[in-house]
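> Input file: query_25.pdb. Contents: PDB, C-alpha atoms, pLDDT in the B column.
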ATOM      1  CA  MET T 279     136.517 105.855 113.852  1.00 54.00           C
ATOM      2  CA  SER T 280     134.668 109.178 113.667  1.00 56.00           C
ATOM      3  CA  ALA T 281     130.989 109.440 112.767  1.00 51.00           C
ATOM      4  CA  ASP T 282     131.945 110.857 109.367  1.00 56.00           C
ATOM      5  CA  ASP T 283     134.350 107.980 108.723  1.00 52.00           C
ATOM      6  CA  ALA T 284     131.697 105.453 109.729  1.00 53.00           C
ATOM      7  CA  SER T 285     129.153 107.102 107.437  1.00 60.00           C
ATOM      8  CA  SER T 286     131.618 107.067 104.541  1.00 73.00           C
ATOM      9  CA  ALA T 287     132.423 103.407 105.170  1.00 77.00           C
ATOM     10  CA  ASP T 288     128.716 102.547 105.255  1.00 77.00           C
ATOM     11  CA  ALA T 289     128.138 104.376 101.964  1.00 78.00           C
ATOM     12  CA  LYS T 290     131.031 102.549 100.292  1.00 87.00           C
ATOM     13  CA  ALA T 291     129.777  99.197 101.581  1.00 88.00           C
ATOM     14  CA  ARG T 292     126.299  99.963 100.251  1.00 87.00           C
ATOM     15  CA  LEU T 293     127.633 100.893  96.817  1.00 90.00           C
ATOM     16  CA  ALA T 294     129.666  97.690  96.717  1.00 93.00           C
ATOM     17  CA  ARG T 295     126.578  95.698  97.668  1.00 93.00           C
ATOM     18  CA  LEU T 296     124.567  97.360  94.901  1.00 95.00           C
ATOM     19  CA  ARG T 297     127.279  96.542  92.361  1.00 96.00           C
ATOM     20  CA  ARG T 298     127.244  92.890  93.407  1.00 96.00           C
ATOM     21  CA  ALA T 299     123.450  92.799  93.267  1.00 97.00           C
ATOM     22  CA  ARG T 300     123.304  94.357  89.808  1.00 98.00           C
ATOM     23  CA  ALA T 301     125.913  91.927  88.482  1.00 98.00           C
ATOM     24  CA  ARG T 302     124.007  88.965  89.910  1.00 98.00           C
ATOM     25  CA  LEU T 303     120.674  90.150  88.496  1.00 98.00           C
ATOM     26  CA  ARG T 304     122.141  90.917  85.066  1.00 98.00           C
ATOM     27  CA  ALA T 305     123.511  87.382  84.879  1.00 98.00           C
ATOM     28  CA  ALA T 306     120.300  85.785  86.122  1.00 98.00           C
ATOM     29  CA  ASP T 307     117.637  87.514  84.040  1.00 98.00           C
ATOM     30  CA  PRO T 308     117.872  89.086  80.552  1.00 97.00           C
ATOM     31  CA  VAL T 309     114.907  91.378  81.278  1.00 97.00           C
ATOM     32  CA  LEU T 310     116.660  92.826  84.311  1.00 98.00           C
ATOM     33  CA  ARG T 311     119.889  93.033  82.343  1.00 98.00           C
ATOM     34  CA  ARG T 312     118.115  95.393  79.950  1.00 97.00           C
ATOM     35  CA  LEU T 313     116.617  97.465  82.767  1.00 97.00           C
ATOM     36  CA  ILE T 314     119.910  97.692  84.645  1.00 97.00           C
ATOM     37  CA  ASP T 315     121.861  98.647  81.544  1.00 97.00           C
ATOM     38  CA  ALA T 316     119.323 101.398  80.897  1.00 95.00           C
ATOM     39  CA  ASP T 317     119.784 102.813  84.417  1.00 95.00           C
ATOM     40  CA  PRO T 318     123.007 101.397  85.904  1.00 94.00           C
ATOM     41  CA  ARG T 319     123.122 103.891  88.781  1.00 92.00           C
ATOM     42  CA  LEU T 320     119.565 103.510  90.034  1.00 94.00           C
ATOM     43  CA  ASP T 321     119.405 104.120  93.771  1.00 93.00           C
ATOM     44  CA  PRO T 322     116.405 102.128  95.042  1.00 93.00           C
ATOM     45  CA  ARG T 323     116.168 104.338  98.133  1.00 91.00           C
ATOM     46  CA  ALA T 324     116.551 107.752  96.505  1.00 90.00           C
ATOM     47  CA  TRP T 325     112.785 108.387  96.552  1.00 88.00           C
ATOM     48  CA  LEU T 326     112.857 108.367 100.366  1.00 88.00           C
ATOM     49  CA  GLN T 327     114.616 111.740 100.269  1.00 87.00           C
ATOM     50  CA  GLU T 328     111.299 113.225  99.151  1.00 84.00           C
ATOM     51  CA  MET T 329     109.440 111.700 102.096  1.00 85.00           C
ATOM     52  CA  PRO T 330     109.191 112.932 105.690  1.00 85.00           C
ATOM     53  CA  GLU T 331     111.685 111.366 108.078  1.00 87.00           C
ATOM     54  CA  MET T 332     110.302 107.986 109.169  1.00 94.00           C
ATOM     55  CA  ASP T 333     111.332 105.569 111.892  1.00 95.00           C
ATOM     56  CA  ALA T 334     109.955 102.015 111.938  1.00 97.00           C
ATOM     57  CA  PHE T 335     106.596 103.159 113.301  1.00 98.00           C
ATOM     58  CA  GLY T 336     106.461 105.964 110.733  1.00 97.00           C
ATOM     59  CA  VAL T 337     107.056 103.501 107.902  1.00 97.00           C
ATOM     60  CA  LEU T 338     104.174 101.383 109.136  1.00 98.00           C
ATOM     61  CA  ILE T 339     101.965 104.495 109.125  1.00 97.00           C
ATOM     62  CA  PHE T 340     103.093 105.129 105.533  1.00 96.00           C
ATOM     63  CA  GLN T 341     102.350 101.551 104.526  1.00 96.00           C
ATOM     64  CA  VAL T 342      98.924 101.453 106.155  1.00 97.00           C
ATOM     65  CA  VAL T 343      97.942 104.819 104.678  1.00 97.00           C
ATOM     66  CA  GLY T 344      99.114 103.621 101.248  1.00 94.00           C
ATOM     67  CA  GLN T 345      97.032 100.470 101.148  1.00 93.00           C
ATOM     68  CA  GLN T 346      95.143 100.559  97.812  1.00 90.00           C
ATOM     69  CA  LEU T 347      96.068 104.212  97.204  1.00 90.00           C
ATOM     70  CA  SER T 348      98.302 105.980  94.706  1.00 84.00           C
ATOM     71  CA  VAL T 349     101.574 107.461  95.942  1.00 82.00           C
ATOM     72  CA  ALA T 350     100.168 110.974  95.392  1.00 87.00           C
ATOM     73  CA  ALA T 351      97.107 110.237  97.546  1.00 92.00           C
ATOM     74  CA  THR T 352      99.299 108.615 100.188  1.00 91.00           C
ATOM     75  CA  ARG T 353     101.584 111.631 100.389  1.00 91.00           C
ATOM     76  CA  HIS T 354      98.582 113.949 100.665  1.00 94.00           C
ATOM     77  CA  LEU T 355      97.217 112.000 103.622  1.00 96.00           C
ATOM     78  CA  LEU T 356     100.644 111.793 105.248  1.00 95.00           C
ATOM     79  CA  GLU T 357     100.922 115.563 105.030  1.00 96.00           C
ATOM     80  CA  ARG T 358      97.528 115.943 106.715  1.00 97.00           C
ATOM     81  CA  ILE T 359      98.679 113.597 109.485  1.00 97.00           C
ATOM     82  CA  ARG T 360     101.861 115.660 109.893  1.00 96.00           C
ATOM     83  CA  VAL T 361      99.783 118.842 110.183  1.00 96.00           C
ATOM     84  CA  LEU T 362      97.669 117.162 112.868  1.00 96.00           C
ATOM     85  CA  PHE T 363     100.830 116.382 114.843  1.00 96.00           C
ATOM     86  CA  ALA T 364     102.585 119.754 114.548  1.00 94.00           C
ATOM     87  CA  GLY T 365     104.568 119.017 111.411  1.00 94.00           C
ATOM     88  CA  HIS T 366     105.886 115.517 112.028  1.00 94.00           C
ATOM     89  CA  LEU T 367     104.729 111.932 111.850  1.00 95.00           C
ATOM     90  CA  PRO T 368     103.545 110.961 115.322  1.00 97.00           C
ATOM     91  CA  SER T 369     105.126 108.622 117.816  1.00 97.00           C
ATOM     92  CA  PRO T 370     103.036 105.694 119.096  1.00 98.00           C
ATOM     93  CA  ARG T 371     102.329 107.602 122.305  1.00 98.00           C
ATOM     94  CA  GLU T 372     101.168 110.679 120.400  1.00 98.00           C
ATOM     95  CA  VAL T 373      98.758 108.567 118.361  1.00 98.00           C
ATOM     96  CA  LEU T 374      97.266 107.032 121.489  1.00 98.00           C
ATOM     97  CA  ASP T 375      97.044 110.367 123.333  1.00 97.00           C
ATOM     98  CA  ALA T 376      95.207 112.044 120.445  1.00 97.00           C
ATOM     99  CA  PRO T 377      91.391 111.918 120.287  1.00 95.00           C
ATOM    100  CA  GLU T 378      90.355 108.604 118.785  1.00 90.00           C
ATOM    101  CA  ARG T 379      88.656 110.148 115.766  1.00 94.00           C
ATOM    102  CA  SER T 380      91.512 112.548 114.930  1.00 96.00           C
ATOM    103  CA  LEU T 381      93.211 110.229 112.421  1.00 96.00           C
ATOM    104  CA  HIS T 382      89.891 109.580 110.704  1.00 95.00           C
ATOM    105  CA  ASP T 383      89.365 113.346 110.470  1.00 95.00           C
ATOM    106  CA  THR T 384      92.499 113.635 108.298  1.00 96.00           C
ATOM    107  CA  GLY T 385      90.722 111.625 105.596  1.00 96.00           C
ATOM    108  CA  LEU T 386      91.791 108.132 106.575  1.00 96.00           C
ATOM    109  CA  SER T 387      89.184 105.400 106.550  1.00 96.00           C
ATOM    110  CA  ARG T 388      88.053 104.248 109.960  1.00 96.00           C
ATOM    111  CA  ARG T 389      89.698 100.880 109.292  1.00 97.00           C
ATOM    112  CA  LYS T 390      93.083 102.416 108.553  1.00 97.00           C
ATOM    113  CA  ALA T 391      92.837 104.757 111.541  1.00 97.00           C
ATOM    114  CA  ALA T 392      92.037 101.769 113.771  1.00 97.00           C
ATOM    115  CA  THR T 393      94.969  99.814 112.316  1.00 98.00           C
ATOM    116  CA  ILE T 394      97.399 102.649 113.050  1.00 98.00           C
ATOM    117  CA  ARG T 395      96.110 102.870 116.628  1.00 98.00           C
ATOM    118  CA  ALA T 396      96.456  99.105 117.008  1.00 98.00           C
ATOM    119  CA  ILE T 397     100.081  99.276 115.803  1.00 98.00           C
ATOM    120  CA  ALA T 398     100.702 102.229 118.152  1.00 98.00           C
ATOM    121  CA  GLU T 399      99.448 100.135 121.082  1.00 98.00           C
ATOM    122  CA  GLU T 400     101.918  97.367 120.202  1.00 98.00           C
ATOM    123  CA  PHE T 401     104.826  99.820 120.023  1.00 98.00           C
ATOM    124  CA  ALA T 402     103.811 101.795 123.131  1.00 97.00           C
ATOM    125  CA  SER T 403     103.625  98.592 125.150  1.00 97.00           C
ATOM    126  CA  HIS T 404     107.005  97.468 123.726  1.00 95.00           C
ATOM    127  CA  ARG T 405     105.496  94.216 122.510  1.00 96.00           C
ATOM    128  CA  ILE T 406     106.897  95.410 119.168  1.00 96.00           C
ATOM    129  CA  ASP T 407     109.835  97.772 118.763  1.00 93.00           C
ATOM    130  CA  GLU T 408     112.382  98.581 116.081  1.00 95.00           C
ATOM    131  CA  ARG T 409     115.312  96.981 117.907  1.00 95.00           C
ATOM    132  CA  LYS T 410     113.494  93.669 118.266  1.00 94.00           C
ATOM    133  CA  LEU T 411     112.310  93.760 114.657  1.00 96.00           C
ATOM    134  CA  ARG T 412     115.836  94.358 113.326  1.00 96.00           C
ATOM    135  CA  ALA T 413     116.995  91.206 115.112  1.00 97.00           C
ATOM    136  CA  MET T 414     114.290  89.050 113.472  1.00 97.00           C
ATOM    137  CA  SER T 415     114.233  87.257 110.156  1.00 98.00           C
ATOM    138  CA  ASP T 416     111.864  88.458 107.439  1.00 97.00           C
ATOM    139  CA  GLU T 417     109.578  85.521 108.141  1.00 97.00           C
ATOM    140  CA  GLU T 418     109.490  86.235 111.887  1.00 98.00           C
ATOM    141  CA  ILE T 419     108.682  89.899 111.260  1.00 98.00           C
ATOM    142  CA  GLU T 420     105.820  88.969 108.949  1.00 98.00           C
ATOM    143  CA  ARG T 421     104.474  86.562 111.545  1.00 97.00           C
ATOM    144  CA  VAL T 422     104.586  89.219 114.293  1.00 97.00           C
ATOM    145  CA  LEU T 423     103.211  92.159 112.340  1.00 98.00           C
ATOM    146  CA  THR T 424     100.379  90.325 110.612  1.00 98.00           C
ATOM    147  CA  GLN T 425      98.957  89.500 114.031  1.00 97.00           C
ATOM    148  CA  VAL T 426      97.954  93.173 114.251  1.00 98.00           C
ATOM    149  CA  PRO T 427      94.441  93.627 112.784  1.00 96.00           C
ATOM    150  CA  GLY T 428      94.631  95.386 109.430  1.00 96.00           C
ATOM    151  CA  VAL T 429      98.266  94.520 108.720  1.00 97.00           C
ATOM    152  CA  GLY T 430      98.724  92.103 105.836  1.00 96.00           C
ATOM    153  CA  PRO T 431     101.674  90.771 103.825  1.00 96.00           C
ATOM    154  CA  TRP T 432     101.814  93.791 101.442  1.00 95.00           C
ATOM    155  CA  THR T 433     102.199  96.164 104.374  1.00 96.00           C
ATOM    156  CA  VAL T 434     104.909  93.994 105.908  1.00 98.00           C
ATOM    157  CA  HIS T 435     106.846  93.499 102.684  1.00 97.00           C
ATOM    158  CA  GLY T 436     106.986  97.239 102.076  1.00 96.00           C
ATOM    159  CA  PHE T 437     108.077  97.738 105.680  1.00 97.00           C
ATOM    160  CA  LEU T 438     110.909  95.239 105.264  1.00 98.00           C
ATOM    161  CA  ILE T 439     112.220  97.094 102.217  1.00 97.00           C
ATOM    162  CA  ILE T 440     111.740 100.665 103.436  1.00 96.00           C
ATOM    163  CA  ALA T 441     112.371 100.522 107.175  1.00 97.00           C
ATOM    164  CA  LEU T 442     114.902  97.699 107.389  1.00 97.00           C
ATOM    165  CA  ASP T 443     116.495  97.787 103.912  1.00 96.00           C
ATOM    166  CA  ARG T 444     116.073  94.022 103.577  1.00 97.00           C
ATOM    167  CA  GLN T 445     117.567  92.773 100.334  1.00 97.00           C
ATOM    168  CA  ASP T 446     115.450  89.790  99.319  1.00 98.00           C
ATOM    169  CA  VAL T 447     111.833  90.968  99.452  1.00 98.00           C
ATOM    170  CA  VAL T 448     109.214  90.924  96.699  1.00 97.00           C
ATOM    171  CA  LEU T 449     105.600  92.160  96.774  1.00 95.00           C
ATOM    172  CA  PRO T 450     103.768  89.437  94.818  1.00 96.00           C
ATOM    173  CA  GLY T 451     100.279  90.888  95.261  1.00 91.00           C
ATOM    174  CA  ASP T 452     101.179  94.440  94.300  1.00 93.00           C
ATOM    175  CA  LEU T 453      99.213  95.539  91.251  1.00 91.00           C
ATOM    176  CA  ALA T 454     101.905  97.939  90.044  1.00 91.00           C
ATOM    177  CA  LEU T 455     104.545  95.225  90.174  1.00 95.00           C
ATOM    178  CA  ARG T 456     102.302  92.771  88.352  1.00 96.00           C
ATOM    179  CA  LYS T 457     101.687  95.375  85.628  1.00 95.00           C
ATOM    180  CA  ALA T 458     105.425  96.089  85.345  1.00 96.00           C
ATOM    181  CA  ILE T 459     106.178  92.387  85.037  1.00 97.00           C
ATOM    182  CA  ALA T 460     103.475  91.891  82.408  1.00 97.00           C
ATOM    183  CA  ARG T 461     104.881  94.791  80.387  1.00 96.00           C
ATOM    184  CA  ASN T 462     108.579  93.947  80.684  1.00 97.00           C
ATOM    185  CA  TYR T 463     108.199  90.181  80.277  1.00 97.00           C
ATOM    186  CA  ARG T 464     105.673  90.674  77.443  1.00 96.00           C
ATOM    187  CA  LEU T 465     102.937  88.634  79.059  1.00 96.00           C
ATOM    188  CA  ASP T 466      99.463  88.732  77.584  1.00 95.00           C
ATOM    189  CA  ARG T 467      97.834  89.107  81.009  1.00 95.00           C
ATOM    190  CA  LEU T 468      98.621  90.153  84.556  1.00 96.00           C
ATOM    191  CA  PRO T 469     100.582  87.447  86.378  1.00 97.00           C
ATOM    192  CA  SER T 470      99.097  86.012  89.553  1.00 97.00           C
ATOM    193  CA  ALA T 471     100.891  86.439  92.867  1.00 96.00           C
ATOM    194  CA  GLU T 472     102.124  82.858  92.553  1.00 97.00           C
ATOM    195  CA  GLU T 473     103.488  83.561  89.073  1.00 97.00           C
ATOM    196  CA  VAL T 474     105.268  86.671  90.363  1.00 98.00           C
ATOM    197  CA  LEU T 475     106.965  84.554  93.011  1.00 98.00           C
ATOM    198  CA  GLY T 476     107.947  82.016  90.358  1.00 97.00           C
ATOM    199  CA  ILE T 477     109.529  84.668  88.148  1.00 97.00           C
ATOM    200  CA  ALA T 478     111.218  86.236  91.172  1.00 98.00           C
ATOM    201  CA  GLU T 479     112.991  83.018  92.136  1.00 98.00           C
ATOM    202  CA  ARG T 480     115.767  83.828  89.666  1.00 97.00           C
ATOM    203  CA  TRP T 481     116.313  87.184  91.409  1.00 98.00           C
ATOM    204  CA  ARG T 482     117.337  85.716  94.773  1.00 98.00           C
ATOM    205  CA  PRO T 483     118.997  86.943  96.964  1.00 97.00           C
ATOM    206  CA  TYR T 484     118.364  90.437  95.554  1.00 98.00           C
ATOM    207  CA  ARG T 485     114.632  90.470  94.924  1.00 98.00           C
ATOM    208  CA  SER T 486     114.268  93.928  96.505  1.00 98.00           C
ATOM    209  CA  LEU T 487     116.559  95.551  93.942  1.00 98.00           C
ATOM    210  CA  ALA T 488     114.905  93.663  91.078  1.00 98.00           C
ATOM    211  CA  THR T 489     111.534  94.916  92.286  1.00 97.00           C
ATOM    212  CA  ALA T 490     112.873  98.479  92.436  1.00 96.00           C
ATOM    213  CA  TYR T 491     114.050  98.276  88.829  1.00 97.00           C
ATOM    214  CA  LEU T 492     110.675  97.019  87.669  1.00 97.00           C
ATOM    215  CA  PHE T 493     108.834  99.795  89.500  1.00 93.00           C
ATOM    216  CA  ALA T 494     111.250 102.379  88.115  1.00 93.00           C
ATOM    217  CA  SER T 495     110.754 101.078  84.579  1.00 91.00           C
ATOM    218  CA  ALA T 496     107.045 101.730  84.844  1.00 81.00           C
ATOM    219  CA  PHE T 497     106.735 104.738  87.115  1.00 70.00           C
ATOM    220  CA  GLY T 498     110.109 106.071  88.171  1.00 55.00           C
ATOM    221  CA  THR T 499     108.748 105.871  91.726  1.00 43.00           C
ATOM    222  CA  PRO T 500     107.603 103.299  94.298  1.00 42.00           C
ATOM    223  CA  PRO T 501     104.293 101.538  93.491  1.00 42.00           C
ATOM    224  CA  ASP T 502     101.598 103.848  92.155  1.00 37.00           C
ATOM    225  CA  ALA T 503      98.764 101.444  92.961  1.00 34.00           C
ATOM    226  CA  THR T 504      98.396  98.358  95.094  1.00 37.00           C
ATOM    227  CA  ALA T 505      96.174  95.350  95.427  1.00 31.00           C
TER
END
Would you put the structure from the file into structure tokens?


Amino acid sequence: MSADDASSADAKARLARLRRARARLRAADPVLRRLIDADPRLDPRAWLQEMPEMDAFGVLIFQVVGQQLSVAATRHLLERIRVLFAGHLPSPREVLDAPERSLHDTGLSRRKAATIRAIAEEFASHRIDERKLRAMSDEEIERVLTQVPGVGPWTVHGFLIIALDRQDVVLPGDLALRKAIARNYRLDRLPSAEEVLGIAERWRPYRSLATAYLFASAFGTPPDATA
């Protein structure tokens, strides 16, 4: 099979998977049925076309930069990081070879700059790498990555969705998701993280797509604010 044939087969398999996921979610949840019917061709990964090319390490940079920031602010900081590294997101080695304060000079907090360097050390030493992560379960990945100082569940959950295209991930602490749920489910208050997980039980095993529809209903983009 040629590379083009393989790519076409992958695209067809992905479309078939999305059709199955939409059908399952429509049957499981009337709120999602309404959202899906309003946008039956939503591509949950289309927004990535507007982002710089990112490998697993790049996605972790994106997630760390985006902690408690809007998407617009995150993209601005990512662009400053790209300028620092000659127009691309850096490799782990490039981060470690750069002066220690260089990331902070782009506008990142010292904590976020230190977190990115800590992640770079794990990748550069091969204690963590993309191949190993792809072979792990979601739970194993969360256990490994949250051992890095500054990496919490929100960062990991976004990584699972963006870098690994995992299908059954929800971000229960995300403020944008909680707002979208409150609006679409007509709640009189923001749901707690535990309540988000309770609502999301009916979305299994396609919680990632359900989350994408809820974000799109509110913003048309990935989360605009986080908690």

> Let me make sure I understand: among T:Ala402, T:Ala334, T:Leu442, T:Leu381, which one has the smallest atom-to-atom distance to Met414 (chain T) if we use all atoms listed in the file?

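Nearest candidate to Met414 (chain T) out of T:Ala402, T:Ala334, T:Leu442, T:Leu381: T:Leu442.
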
> When you draw a straight line from CA of Arg456 (chain T) to CA of Val309 (chain T), how long is it in Å?

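Here the two named atoms are 14.5 Å from each other.
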
> I need the output of the PyMOL selection byres ((chain T and resi 457) around 10) for this file as an NGL selection string; which residues are they?

:T and (452-456 or 458-463 or 465 or 467-469 or 492-493 or 496 or 503)

> Which residues, named as in the file, does the PyMOL selection byres ((chain T and resi 425-432) around 10) pick out? Answer as a CSV table (one decimal) with C-alpha atoms, keeping the file's coordinate frame.


chain,number,residue,atom,x,y,z
T,338,LEU,CA,104.2,101.4,109.1
T,341,GLN,CA,102.4,101.6,104.5
T,342,VAL,CA,98.9,101.5,106.2
T,345,GLN,CA,97.0,100.5,101.1
T,389,ARG,CA,89.7,100.9,109.3
T,390,LYS,CA,93.1,102.4,108.6
T,391,ALA,CA,92.8,104.8,111.5
T,392,ALA,CA,92.0,101.8,113.8
T,393,THR,CA,95.0,99.8,112.3
T,394,ILE,CA,97.4,102.6,113.0
T,396,ALA,CA,96.5,99.1,117.0
T,397,ILE,CA,100.1,99.3,115.8
T,399,GLU,CA,99.4,100.1,121.1
T,400,GLU,CA,101.9,97.4,120.2
T,420,GLU,CA,105.8,89.0,108.9
T,421,ARG,CA,104.5,86.6,111.5
T,422,VAL,CA,104.6,89.2,114.3
T,423,LEU,CA,103.2,92.2,112.3
T,424,THR,CA,100.4,90.3,110.6
T,433,THR,CA,102.2,96.2,104.4
T,434,VAL,CA,104.9,94.0,105.9
T,435,HIS,CA,106.8,93.5,102.7
T,436,GLY,CA,107.0,97.2,102.1
T,437,PHE,CA,108.1,97.7,105.7
T,438,LEU,CA,110.9,95.2,105.3
T,448,VAL,CA,109.2,90.9,96.7
T,449,LEU,CA,105.6,92.2,96.8
T,450,PRO,CA,103.8,89.4,94.8
T,451,GLY,CA,100.3,90.9,95.3
T,452,ASP,CA,101.2,94.4,94.3
T,504,THR,CA,98.4,98.4,95.1
T,505,ALA,CA,96.2,95.4,95.4

> Suppose you want the space between CA of Val349 (chain T) and CA of Leu386 (chain T); what is it in Å?

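CA of Leu386 (chain T) lies at a distance of 14.5 Å from CA of Val349 (chain T).
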
> At a cut-off of 12 Å, using all atoms listed in the file, what residues contact Asp383 (chain T)? Leave out same-chain residues fewer than 4 positions from it and give the result as a VMD selection string.

chain T and resid 355 358 to 359 361 to 362 376 to 379 387 to 388 390 to 391

> To one decimal place in Å, what is the distance between CA of Arg395 (chain T) and CA of Leu374 (chain T)?

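Calculated distance between CA of Arg395 (chain T) and CA of Leu374 (chain T) is 6.5 Å.
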
> Set the distance at 9 Å and use all atoms listed in the file: which residues neighbour region 314-323 of chain T once local chain neighbours fewer than 3 positions away are removed? I'd like the list as a list of chain:residue names.

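My reading of the contact set: T:Leu296, T:Arg300, T:Leu303, T:Arg304, T:Val309, T:Leu310, T:Arg311, T:Leu326, T:Gln327, T:Ile440, T:Asp443, T:Ser486, T:Leu487, T:Ala490, T:Tyr491, T:Ala494, T:Pro500.
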
> Using only C-alpha atoms, pick whichever of T:Asp446, T:Glu417, T:Asp288, T:Asp466 has the shortest atom-to-atom distance to Ala478 (chain T).

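Once distances to Ala478 (chain T) are computed over only C-alpha atoms, the minimum belongs to T:Asp446.
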
> So, counting all atoms listed in the file, which residue among T:Ala441, T:Leu313, T:Arg295, T:Ala305 is closest to Met332 (chain T)?

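The answer is T:Ala441, which sits nearest to Met332 (chain T).
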
> Pick out the closest residue to Pro483 (chain T) from this set: T:Arg298, T:Glu328, T:Gly336, T:Gln346. Count all atoms listed in the file.

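For Pro483 (chain T), the nearest of the given residues is T:Arg298.
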
> Can you tell me, as AutoDock Vina command-line options, the centre and edge lengths (Å, one decimal) of the axis-aligned box enclosing all of region 344-350 of chain T's listed atoms after padding each side by 3 Å?


--center_x 98.4 --center_y 105.7 --center_z 98.0 --size_x 12.4 --size_y 16.5 --size_z 12.5
